[in-house]
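**Student:** The following file, input-v3.txt, comprises compact mmCIF, C-alpha atoms:
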# COMPACT_ATOMS: atom_id res chain seq x y z
CA MET F 1 10.31 -3.42 39.77
CA SER F 2 12.73 -3.66 36.89
CA GLU F 3 11.43 -2.46 33.56
CA VAL F 4 13.15 -5.10 31.46
CA VAL F 5 11.09 -8.25 31.54
CA LYS F 6 13.28 -11.32 31.37
CA LYS F 7 12.34 -14.81 30.40
CA PHE F 8 12.98 -17.15 33.32
CA MET F 9 12.69 -20.89 32.98
CA TYR F 10 12.52 -23.17 36.01
CA LEU F 11 13.69 -26.60 34.94
CA ASN F 12 12.52 -29.57 37.04
CA ARG F 13 14.14 -32.95 36.53
CA LYS F 14 13.71 -34.67 39.90
CA ALA F 15 10.94 -36.87 41.28
CA PRO F 16 9.10 -35.59 44.38
CA TYR F 17 9.68 -36.88 47.97
CA GLY F 18 12.84 -38.93 47.33
CA THR F 19 14.86 -35.72 47.47
CA ILE F 20 14.11 -32.13 48.51
CA TYR F 21 14.69 -30.64 45.01
CA ALA F 22 11.08 -30.67 43.83
CA TRP F 23 9.67 -28.85 46.85
CA GLU F 24 12.54 -26.35 46.93
CA ALA F 25 12.05 -25.61 43.24
CA LEU F 26 8.34 -24.96 43.78
CA GLU F 27 9.10 -22.57 46.64
CA VAL F 28 11.60 -20.69 44.49
CA VAL F 29 9.04 -20.40 41.67
CA LEU F 30 6.44 -19.00 44.08
CA ILE F 31 8.89 -16.54 45.63
CA GLY F 32 10.24 -15.54 42.22
CA ALA F 33 6.71 -14.89 40.98
CA ALA F 34 6.75 -11.64 42.95
CA PHE F 35 9.30 -10.19 40.51
CA ASP F 36 6.91 -9.85 37.56
CA GLN F 37 9.10 -11.64 35.06
CA ASP F 38 8.07 -13.87 32.17
CA VAL F 39 8.13 -17.23 33.91
CA SER F 40 7.83 -20.72 32.50
CA VAL F 41 8.09 -23.98 34.42
CA MET F 42 9.42 -27.01 32.56
CA PHE F 43 9.09 -30.61 33.70
CA LEU F 44 11.26 -33.25 32.10
CA ASP F 45 12.90 -36.59 32.97
CA ASP F 46 11.78 -37.66 36.47
CA GLY F 47 10.44 -34.14 37.02
CA VAL F 48 7.22 -35.21 35.27
CA TYR F 49 6.44 -37.34 38.34
CA GLN F 50 5.92 -34.14 40.34
CA LEU F 51 2.65 -33.53 38.53
CA THR F 52 0.99 -36.94 38.93
CA LYS F 53 -2.60 -36.91 40.19
CA GLY F 54 -3.75 -38.52 43.41
CA GLN F 55 -0.61 -38.13 45.52
CA ASP F 56 -1.28 -39.06 49.15
CA THR F 57 1.66 -38.81 51.54
CA LYS F 58 -0.12 -39.57 54.81
CA ALA F 59 1.52 -42.97 55.18
CA ILE F 60 5.08 -41.67 54.60
CA GLY F 61 4.72 -38.73 56.97
CA MET F 62 5.85 -36.05 54.50
CA LYS F 63 4.15 -32.87 53.35
CA ASN F 64 2.05 -33.46 50.24
CA PHE F 65 2.89 -30.46 48.06
CA SER F 66 1.06 -31.73 45.02
CA PRO F 67 -1.96 -29.45 45.70
CA THR F 68 0.37 -26.44 45.76
CA PHE F 69 1.04 -26.75 42.01
CA ARG F 70 -2.59 -25.74 41.49
CA THR F 71 -1.80 -22.28 42.94
CA LEU F 72 0.70 -21.50 40.18
CA GLY F 73 -2.10 -19.86 38.20
CA ASP F 74 -2.88 -17.57 41.16
CA TYR F 75 0.81 -16.63 41.22
CA GLU F 76 0.56 -15.48 37.58
CA VAL F 77 2.63 -18.36 36.28
CA LYS F 78 0.93 -19.07 33.00
CA LYS F 79 3.33 -21.37 31.16
CA ILE F 80 3.82 -24.92 32.36
CA PHE F 81 5.40 -27.41 30.00
CA VAL F 82 5.90 -31.17 30.16
CA ASP F 83 8.21 -33.12 27.86
CA ARG F 84 6.21 -35.75 26.00
CA ALA F 85 9.11 -38.22 25.60
CA SER F 86 9.73 -38.17 29.36
CA LEU F 87 6.07 -39.04 29.97
CA GLU F 88 6.15 -41.84 27.40
CA ALA F 89 9.31 -43.43 28.81
CA ARG F 90 7.47 -43.63 32.14
CA GLY F 91 4.23 -45.09 30.78
CA LEU F 92 2.35 -41.86 31.52
CA THR F 93 0.00 -39.63 29.55
CA GLN F 94 -1.40 -36.16 30.18
CA ASP F 95 -4.42 -37.86 31.82
CA ASP F 96 -2.14 -38.90 34.68
CA LEU F 97 -1.22 -35.28 35.44
CA VAL F 98 -2.93 -32.63 37.55
CA GLU F 99 -4.70 -29.77 35.81
CA ILE F 100 -3.73 -26.22 36.66
CA ALA F 101 -6.21 -23.46 35.91
CA TRP F 102 -5.41 -19.81 35.25
CA GLU F 103 -7.67 -16.81 35.44
CA ASP F 104 -7.08 -13.16 34.64
CA PHE F 105 -8.58 -11.34 37.61
CA GLU F 106 -9.26 -8.17 35.64
CA THR F 107 -10.76 -9.58 32.46
CA GLU F 108 -12.02 -12.85 33.97
CA GLU F 109 -10.44 -14.61 31.02
CA GLU F 110 -10.00 -18.25 32.01
CA ILE F 111 -7.82 -21.10 30.87
CA GLU F 112 -8.91 -24.45 32.27
CA ASN F 113 -5.54 -26.10 32.08
CA ILE F 114 -2.21 -24.41 31.43
CA VAL F 115 -0.19 -27.64 31.55
CA GLU F 116 1.05 -28.22 28.02
CA VAL F 117 2.70 -31.43 26.81
CA ILE F 118 5.29 -30.62 24.13
CA ASP F 119 7.86 -32.38 21.94
CA SER F 120 11.53 -32.50 22.87
CA ALA F 121 12.48 -30.21 19.99
CA ARG F 122 10.17 -27.54 21.41
CA VAL F 123 11.71 -28.03 24.88
CA GLY F 124 15.10 -27.21 23.37
CA GLU F 125 13.73 -24.14 21.57
CA LEU F 126 12.18 -22.81 24.77
CA MET F 127 15.49 -23.24 26.57
CA ASN F 128 17.21 -21.24 23.84
CA GLU F 129 14.61 -18.48 24.11
CA SER F 130 15.06 -18.15 27.89
CA ASP F 131 17.27 -15.42 29.36
CA ALA F 132 17.98 -17.55 32.42
CA ILE F 133 17.38 -21.17 33.35
CA PHE F 134 17.12 -22.22 36.98
CA SER F 135 17.82 -25.90 37.20
CA PHE F 136 16.57 -28.26 39.90
CA MET Y 1 9.67 -13.08 72.72
CA SER Y 2 8.48 -16.19 74.51
CA ASP Y 3 8.19 -19.38 72.53
CA THR Y 4 4.74 -20.26 73.80
CA ILE Y 5 1.42 -18.47 73.84
CA GLU Y 6 -1.19 -19.05 76.54
CA VAL Y 7 -4.81 -19.45 75.46
CA ASP Y 8 -7.54 -20.52 77.89
CA GLY Y 9 -4.92 -21.84 80.30
CA LYS Y 10 -3.17 -23.96 77.64
CA GLN Y 11 0.33 -23.36 76.29
CA TYR Y 12 0.92 -23.46 72.51
CA GLY Y 13 4.37 -23.47 70.91
CA VAL Y 14 5.26 -20.63 68.53
CA ASP Y 15 8.39 -19.91 66.48
CA GLU Y 16 10.71 -16.95 66.96
CA GLU Y 17 8.45 -14.72 64.87
CA GLY Y 18 5.32 -15.72 66.74
CA TYR Y 19 3.89 -18.15 64.18
CA LEU Y 20 2.17 -21.20 65.65
CA ALA Y 21 4.56 -24.16 65.66
CA ASN Y 22 1.95 -26.80 64.87
CA LEU Y 23 -0.82 -25.96 62.42
CA ASN Y 24 -3.09 -28.64 63.87
CA ASP Y 25 -2.97 -27.06 67.36
CA TRP Y 26 -5.00 -24.08 66.18
CA VAL Y 27 -8.17 -23.06 67.97
CA PRO Y 28 -9.99 -19.75 67.34
CA GLY Y 29 -8.92 -18.50 70.80
CA ILE Y 30 -5.33 -18.40 69.52
CA ALA Y 31 -6.31 -15.78 66.94
CA THR Y 32 -8.10 -13.74 69.61
CA VAL Y 33 -5.09 -13.77 71.93
CA MET Y 34 -2.57 -13.01 69.16
CA ALA Y 35 -4.77 -10.15 67.96
CA ALA Y 36 -5.06 -8.72 71.48
CA GLN Y 37 -1.24 -8.72 71.71
CA ASP Y 38 -1.27 -6.58 68.53
CA ASN Y 39 -4.03 -4.34 69.98
CA ILE Y 40 -6.66 -5.62 67.58
CA GLU Y 41 -10.14 -6.73 68.53
CA LEU Y 42 -11.30 -9.28 65.97
CA THR Y 43 -14.53 -8.50 64.09
CA ASP Y 44 -16.54 -10.63 61.64
CA GLU Y 45 -14.53 -8.99 58.85
CA HIS Y 46 -11.29 -10.22 60.41
CA TRP Y 47 -12.70 -13.72 60.85
CA ASP Y 48 -13.76 -13.82 57.18
CA ILE Y 49 -10.12 -13.39 56.18
CA ILE Y 50 -8.75 -15.74 58.87
CA ASN Y 51 -11.20 -18.49 57.88
CA PHE Y 52 -10.48 -17.85 54.21
CA LEU Y 53 -6.76 -18.33 54.84
CA ARG Y 54 -7.32 -21.58 56.69
CA GLU Y 55 -9.46 -22.89 53.82
CA TYR Y 56 -6.85 -21.78 51.30
CA TYR Y 57 -4.14 -23.64 53.20
CA GLU Y 58 -6.30 -26.73 53.55
CA GLU Y 59 -6.81 -26.81 49.78
CA TYR Y 60 -3.36 -25.77 48.50
CA GLN Y 61 -1.03 -26.56 51.43
CA ILE Y 62 0.46 -23.10 51.28
CA ALA Y 63 -0.05 -19.67 52.85
CA PRO Y 64 -0.53 -17.26 49.94
CA ALA Y 65 1.70 -14.24 49.33
CA VAL Y 66 -0.07 -10.92 49.86
CA ARG Y 67 -0.93 -10.17 46.24
CA VAL Y 68 -2.24 -13.68 45.73
CA LEU Y 69 -4.31 -13.32 48.90
CA THR Y 70 -5.74 -10.03 47.65
CA LYS Y 71 -6.71 -11.57 44.35
CA ALA Y 72 -8.18 -14.70 45.89
CA VAL Y 73 -10.16 -12.75 48.49
CA GLY Y 74 -11.61 -10.61 45.70
CA LYS Y 75 -12.71 -13.71 43.87
CA LYS Y 76 -14.26 -15.32 46.95
CA LEU Y 77 -15.56 -12.43 49.09
CA GLY Y 78 -16.12 -9.70 46.50
CA LYS Y 79 -14.00 -7.01 44.86
CA ASP Y 80 -14.69 -4.47 47.63
CA LYS Y 81 -12.68 -6.74 49.94
CA GLY Y 82 -10.09 -7.87 47.42
CA ASN Y 83 -7.93 -4.78 47.67
CA SER Y 84 -4.93 -4.07 49.80
CA LYS Y 85 -6.37 -0.90 51.38
CA TYR Y 86 -9.24 -2.86 52.90
CA LEU Y 87 -7.00 -5.73 53.99
CA TYR Y 88 -4.42 -3.40 55.54
CA SER Y 89 -7.18 -1.63 57.45
CA LEU Y 90 -7.99 -4.96 59.10
CA PHE Y 91 -4.39 -6.20 59.47
CA PRO Y 92 -2.07 -3.19 59.70
CA TYR Y 93 1.11 -5.32 59.95
CA GLY Y 94 0.36 -6.83 56.55
CA PRO Y 95 -2.66 -8.89 55.60
CA ALA Y 96 -0.72 -11.99 54.61
CA LYS Y 97 1.85 -11.94 57.42
CA GLN Y 98 -0.38 -10.90 60.30
CA ALA Y 99 -3.56 -12.69 59.26
CA CYS Y 100 -1.64 -15.90 58.55
CA ARG Y 101 -0.16 -15.72 62.02
CA PHE Y 102 -3.60 -15.31 63.60
CA ALA Y 103 -4.85 -18.22 61.46
CA GLY Y 104 -2.10 -20.49 62.76
CA LEU Y 105 -0.45 -20.84 59.35
CA PRO Y 106 3.26 -20.63 58.57
CA LYS Y 107 4.69 -17.36 57.29
CA PRO Y 108 3.57 -16.94 53.67
CA THR Y 109 5.89 -18.19 50.97
CA GLY Y 110 7.42 -15.18 49.31
CA CYS Y 111 7.40 -12.92 52.37
CA VAL Y 112 10.63 -11.74 53.96
CA MET B 1 21.60 -67.29 53.46
CA SER B 2 19.33 -65.40 51.09
CA ILE B 3 19.59 -61.67 50.55
CA LEU B 4 16.97 -58.95 50.48
CA HIS B 5 18.05 -56.34 47.94
CA THR B 6 16.56 -52.88 48.31
CA VAL B 7 16.47 -50.15 45.64
CA ASN B 8 15.30 -46.65 46.59
CA LYS B 9 16.42 -44.68 43.51
CA SER B 10 14.55 -43.99 40.31
CA PRO B 11 15.62 -46.37 37.52
CA PHE B 12 15.61 -43.41 35.12
CA GLU B 13 18.04 -41.34 37.15
CA ARG B 14 20.51 -43.83 38.62
CA ASN B 15 21.85 -47.27 37.76
CA ALA B 16 21.06 -48.77 41.19
CA LEU B 17 18.32 -51.03 39.81
CA GLU B 18 20.40 -52.05 36.81
CA SER B 19 23.34 -53.09 39.00
CA CYS B 20 21.07 -54.83 41.46
CA LEU B 21 19.47 -56.91 38.71
CA LYS B 22 22.91 -57.76 37.36
CA PHE B 23 24.28 -59.06 40.66
CA ALA B 24 21.24 -60.44 42.51
CA THR B 25 21.31 -64.23 42.31
CA ASP B 26 18.29 -66.43 41.59
CA GLY B 27 15.83 -66.75 44.46
CA SER B 28 16.79 -63.44 46.10
CA ALA B 29 14.19 -60.91 47.13
CA LEU B 30 14.04 -57.34 45.80
CA LEU B 31 12.14 -54.55 47.51
CA LEU B 32 11.50 -51.30 45.63
CA PHE B 33 10.84 -48.26 47.85
CA GLU B 34 11.02 -44.44 47.85
CA ASP B 35 11.87 -43.33 44.26
CA GLY B 36 12.61 -46.98 43.46
CA VAL B 37 8.87 -47.66 43.24
CA TYR B 38 8.76 -46.11 39.75
CA ALA B 39 10.44 -49.29 38.46
CA ALA B 40 7.35 -51.29 39.50
CA LEU B 41 5.00 -49.41 37.18
CA LYS B 42 3.56 -50.85 33.99
CA GLY B 43 4.37 -49.39 30.59
CA THR B 44 7.73 -47.81 31.41
CA ALA B 45 10.96 -48.09 29.46
CA VAL B 46 12.43 -50.34 32.19
CA GLU B 47 9.44 -52.69 32.43
CA PRO B 48 11.09 -55.40 30.24
CA HIS B 49 14.08 -55.63 32.61
CA VAL B 50 11.86 -55.84 35.68
CA SER B 51 9.60 -58.43 34.04
CA ASP B 52 12.64 -60.56 33.15
CA ALA B 53 13.81 -60.41 36.76
CA LEU B 54 10.40 -61.57 38.00
CA GLY B 55 11.18 -65.02 36.63
CA ARG B 56 14.06 -65.48 39.06
CA LEU B 57 13.60 -62.94 41.91
CA LYS B 58 10.74 -62.25 44.31
CA VAL B 59 9.92 -58.58 43.77
CA TYR B 60 8.08 -56.37 46.26
CA VAL B 61 7.10 -52.70 46.28
CA LEU B 62 6.38 -50.51 49.31
CA GLY B 63 2.71 -49.43 49.22
CA PRO B 64 3.00 -46.14 51.17
CA ASP B 65 5.66 -44.87 48.73
CA LEU B 66 3.50 -45.79 45.72
CA GLN B 67 0.52 -44.02 47.26
CA ALA B 68 2.55 -40.91 48.06
CA ARG B 69 3.53 -40.67 44.39
CA GLY B 70 -0.05 -41.01 43.15
CA PHE B 71 -0.08 -44.62 41.95
CA SER B 72 -2.51 -47.37 42.94
CA ALA B 73 -1.77 -51.11 42.96
CA GLU B 74 -3.46 -51.49 39.53
CA ARG B 75 -0.59 -49.59 37.95
CA ILE B 76 2.12 -52.08 38.93
CA ILE B 77 3.53 -54.94 36.89
CA GLU B 78 1.82 -58.27 37.46
CA GLY B 79 3.82 -60.53 39.76
CA ILE B 80 5.11 -57.74 42.00
CA SER B 81 3.66 -57.82 45.54
CA VAL B 82 2.73 -54.68 47.45
CA VAL B 83 3.90 -54.65 51.08
CA ASP B 84 3.49 -52.17 53.95
CA TYR B 85 6.14 -51.15 56.51
CA ALA B 86 5.48 -54.27 58.60
CA GLY B 87 5.97 -56.35 55.45
CA PHE B 88 9.30 -54.58 54.86
CA VAL B 89 10.43 -55.60 58.35
CA ASP B 90 9.27 -59.19 57.80
CA LEU B 91 11.25 -59.37 54.55
CA ALA B 92 14.39 -58.10 56.27
CA ALA B 93 13.94 -60.62 59.08
CA GLU B 94 13.22 -63.55 56.74
CA ASN B 95 16.23 -62.90 54.58
CA GLY B 96 18.76 -62.24 57.29
CA LYS B 97 20.93 -60.06 55.08
CA VAL B 98 20.00 -56.78 53.43
CA GLN B 99 21.89 -55.27 50.52
CA ALA B 100 20.86 -51.65 49.99
CA TRP B 101 21.58 -50.33 46.46
CA LEU B 102 21.82 -46.65 47.38
Mind turning the file's structure into structure tokens?
**Tutor:**
Amino acid sequence: MSEVVKKFMYLNRKAPYGTIYAWEALEVVLIGAAFDQDVSVMFLDDGVYQLTKGQDTKAIGMKNFSPTFRTLGDYEVKKIFVDRASLEARGLTQDDLVEIAWEDFETEEEIENIVEVIDSARVGELMNESDAIFSF
Amino acid sequence: MSDTIEVDGKQYGVDEEGYLANLNDWVPGIATVMAAQDNIELTDEHWDIINFLREYYEEYQIAPAVRVLTKAVGKKLGKDKGNSKYLYSLFPYGPAKQACRFAGLPKPTGCV
Amino acid sequence: MSILHTVNKSPFERNALESCLKFATDGSALLLFEDGVYAALKGTAVEPHVSDALGRLKVYVLGPDLQARGFSAERIIEGISVVDYAGFVDLAAENGKVQAWL
């Protein structure tokens, strides 16, 4: 493992199912989680649609990967951000989004929901603070 | 390596690394046969992990990477089982890789 | 002969819907499917355009694609009809011509 911890941001801007980007991004996040870096996952523009509750893909014959987002906490991904303006433009609120819990296995410290809705200015700041941004 | 495995007279498709091609084909006999090929006789302790993996997949639609498995097993089955030494003693080729294969799941995301 | 227009791209990412609404003539049918279904939802930034179009076009949305994306029929704009795959086929057959805004 490298000793220098870098800040990685995974930036998601695509809706799920219409293209393969959303699922590929999630796989990369899960694989990347093994590298013990400081990871944040950002959802903006159509990317916010990835987190909607109640997805059911049976009738379209595709894998429903919505439940997989709930494992991000298990993979030690602790920072998940959603751009508020992107939600508003789509008539959505945080109530429409899945909740992702996080628990520290050692201390049993728990956070019920790590999904945080933030203003666009904060999105920009977080991008600036990142060492690398992986864009999907 | 053949691309099918025979269990109770039925043929099941597997990929080039021996993972079951269709998750929904799985029957417990598949785990028993795969284990026998690896010279393992499945005990209740093995089944605990195999069943745990199937439940995990059912809920999250993903086969967990080994360190996530270790953590999740500890949470569910107790800390004495949530450590890699115990899991490797059951599944010497790697708890995530080998146990997932027995459980009929795809290769865990994050394993190479 | 009437045309069935189909839009399968998100209205927030591409201009497929915008162009479709510009060129579709009165009385045509419009089916929203795949990522196009997001245009059928209430309360979005594109709702006014879709509502305007409802006065002159028959608008449909594909139910299985809505369901896959986590939205029930209550979330769609009034006046838009939900159809299934068989309904999609019927629309194509009824209209004779299909213009896909890819």
**Student:** Quick check, in Å to one decimal: how far apart do CA of Leu51 (chain F) and CA of Ile100 (chain F) lie?
**Tutor:**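 Computing the Euclidean distance for CA of Leu51 (chain F) and CA of Ile100 (chain F) yields 9.9 Å.
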**Student:** Can you find the residues with an atom no farther than 10 Å from (8.9, -48.7, 45.3), counting all atoms listed in the file, and report them as a list of chain:residue names?
**Tutor:**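 So the residues meeting the distance criterion are B:Thr6, B:Val7, B:Asn8, B:Lys9, B:Ser10, B:Leu31, B:Leu32, B:Phe33, B:Glu34, B:Asp35, B:Gly36, B:Val37, B:Tyr38, B:Ala39, B:Ala40, B:Leu41, B:Tyr60, B:Val61, B:Leu62, B:Gly63, B:Pro64, B:Asp65, B:Leu66, B:Gln67, B:Arg69, B:Ile76, B:Val82, B:Val83.
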**Student:** Measuring between all atoms listed in the file, which one of Y:Leu69, Y:Leu53, Y:Val33, Y:Ala21 shows the shortest distance to chain F?
**Tutor:**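 Between Y:Leu69, Y:Leu53, Y:Val33, Y:Ala21, the residue approaching chain F most closely is Y:Leu69.
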**Student:** So which one's closest to Tyr56 (chain Y), Y:Val68, Y:Asn24, Y:Tyr86, Y:Phe102? Using only C-alpha atoms, please.
**Tutor:**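 Counting only C-alpha atoms, the residue closest to Tyr56 (chain Y) is Y:Val68.
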**Student:** Can you list every residue of chain F that has an atom at most 9 Å from chain B, with its nearest atom pair and the distance in Å to one decimal, using all atoms listed in the file, ordered by chain then number, as JSON lines?
**Tutor:**
{"residue": "F:Lys14", "atom": "CA", "partner": "B:Glu13", "partner_atom": "CA", "distance": 8.4}
{"residue": "F:Ala15", "atom": "CA", "partner": "B:Asp35", "partner_atom": "CA", "distance": 7.2}
{"residue": "F:Pro16", "atom": "CA", "partner": "B:Arg69", "partner_atom": "CA", "distance": 7.5}
{"residue": "F:Tyr17", "atom": "CA", "partner": "B:Glu34", "partner_atom": "CA", "distance": 7.7}
{"residue": "F:Gly18", "atom": "CA", "partner": "B:Asp35", "partner_atom": "CA", "distance": 5.5}
{"residue": "F:Thr19", "atom": "CA", "partner": "B:Asp35", "partner_atom": "CA", "distance": 8.8}
{"residue": "F:Asp45", "atom": "CA", "partner": "B:Phe12", "partner_atom": "CA", "distance": 7.6}
{"residue": "F:Asp46", "atom": "CA", "partner": "B:Phe12", "partner_atom": "CA", "distance": 7.0}
{"residue": "F:Tyr49", "atom": "CA", "partner": "B:Arg69", "partner_atom": "CA", "distance": 7.5}
{"residue": "F:Gln50", "atom": "CA", "partner": "B:Arg69", "partner_atom": "CA", "distance": 8.0}
{"residue": "F:Thr52", "atom": "CA", "partner": "B:Gly70", "partner_atom": "CA", "distance": 6.0}
{"residue": "F:Lys53", "atom": "CA", "partner": "B:Gly70", "partner_atom": "CA", "distance": 5.7}
{"residue": "F:Gly54", "atom": "CA", "partner": "B:Gly70", "partner_atom": "CA", "distance": 4.5}
{"residue": "F:Gln55", "atom": "CA", "partner": "B:Gly70", "partner_atom": "CA", "distance": 3.8}
{"residue": "F:Asp56", "atom": "CA", "partner": "B:Ala68", "partner_atom": "CA", "distance": 4.4}
{"residue": "F:Thr57", "atom": "CA", "partner": "B:Ala68", "partner_atom": "CA", "distance": 4.2}
{"residue": "F:Lys58", "atom": "CA", "partner": "B:Ala68", "partner_atom": "CA", "distance": 7.4}
{"residue": "F:Ala59", "atom": "CA", "partner": "B:Pro64", "partner_atom": "CA", "distance": 5.3}
{"residue": "F:Ile60", "atom": "CA", "partner": "B:Pro64", "partner_atom": "CA", "distance": 6.0}
{"residue": "F:Met62", "atom": "CA", "partner": "B:Ala68", "partner_atom": "CA", "distance": 8.7}
{"residue": "F:Asn64", "atom": "CA", "partner": "B:Ala68", "partner_atom": "CA", "distance": 7.8}
{"residue": "F:Glu88", "atom": "CA", "partner": "B:Thr44", "partner_atom": "CA", "distance": 7.4}
{"residue": "F:Ala89", "atom": "CA", "partner": "B:Ala45", "partner_atom": "CA", "distance": 5.0}
{"residue": "F:Arg90", "atom": "CA", "partner": "B:Thr44", "partner_atom": "CA", "distance": 4.3}
{"residue": "F:Gly91", "atom": "CA", "partner": "B:Gly43", "partner_atom": "CA", "distance": 4.3}
{"residue": "F:Leu92", "atom": "CA", "partner": "B:Gly43", "partner_atom": "CA", "distance": 7.9}
{"residue": "F:Asp96", "atom": "CA", "partner": "B:Gly70", "partner_atom": "CA", "distance": 9.0}
**Student:** Could you please determine the separation between CA of Asp95 (chain F) and CA of Arg70 (chain F) in Å, to one decimal place?
**Tutor:**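 Separation of CA of Asp95 (chain F) and CA of Arg70 (chain F): 15.6 Å.
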**Student:** Would you kindly return, as a PyMOL selection string, each protein, DNA or RNA residue with an atom no farther than 12 Å from any atom of Thr68 (chain F), considering all atoms listed in the file and excluding same-chain residues fewer than 3 positions away?
**Tutor:** (chain F and resi 22-23+25-27+29-30+50-51+55+63-65+71-75+98-100) or (chain Y and resi 56-64+109)
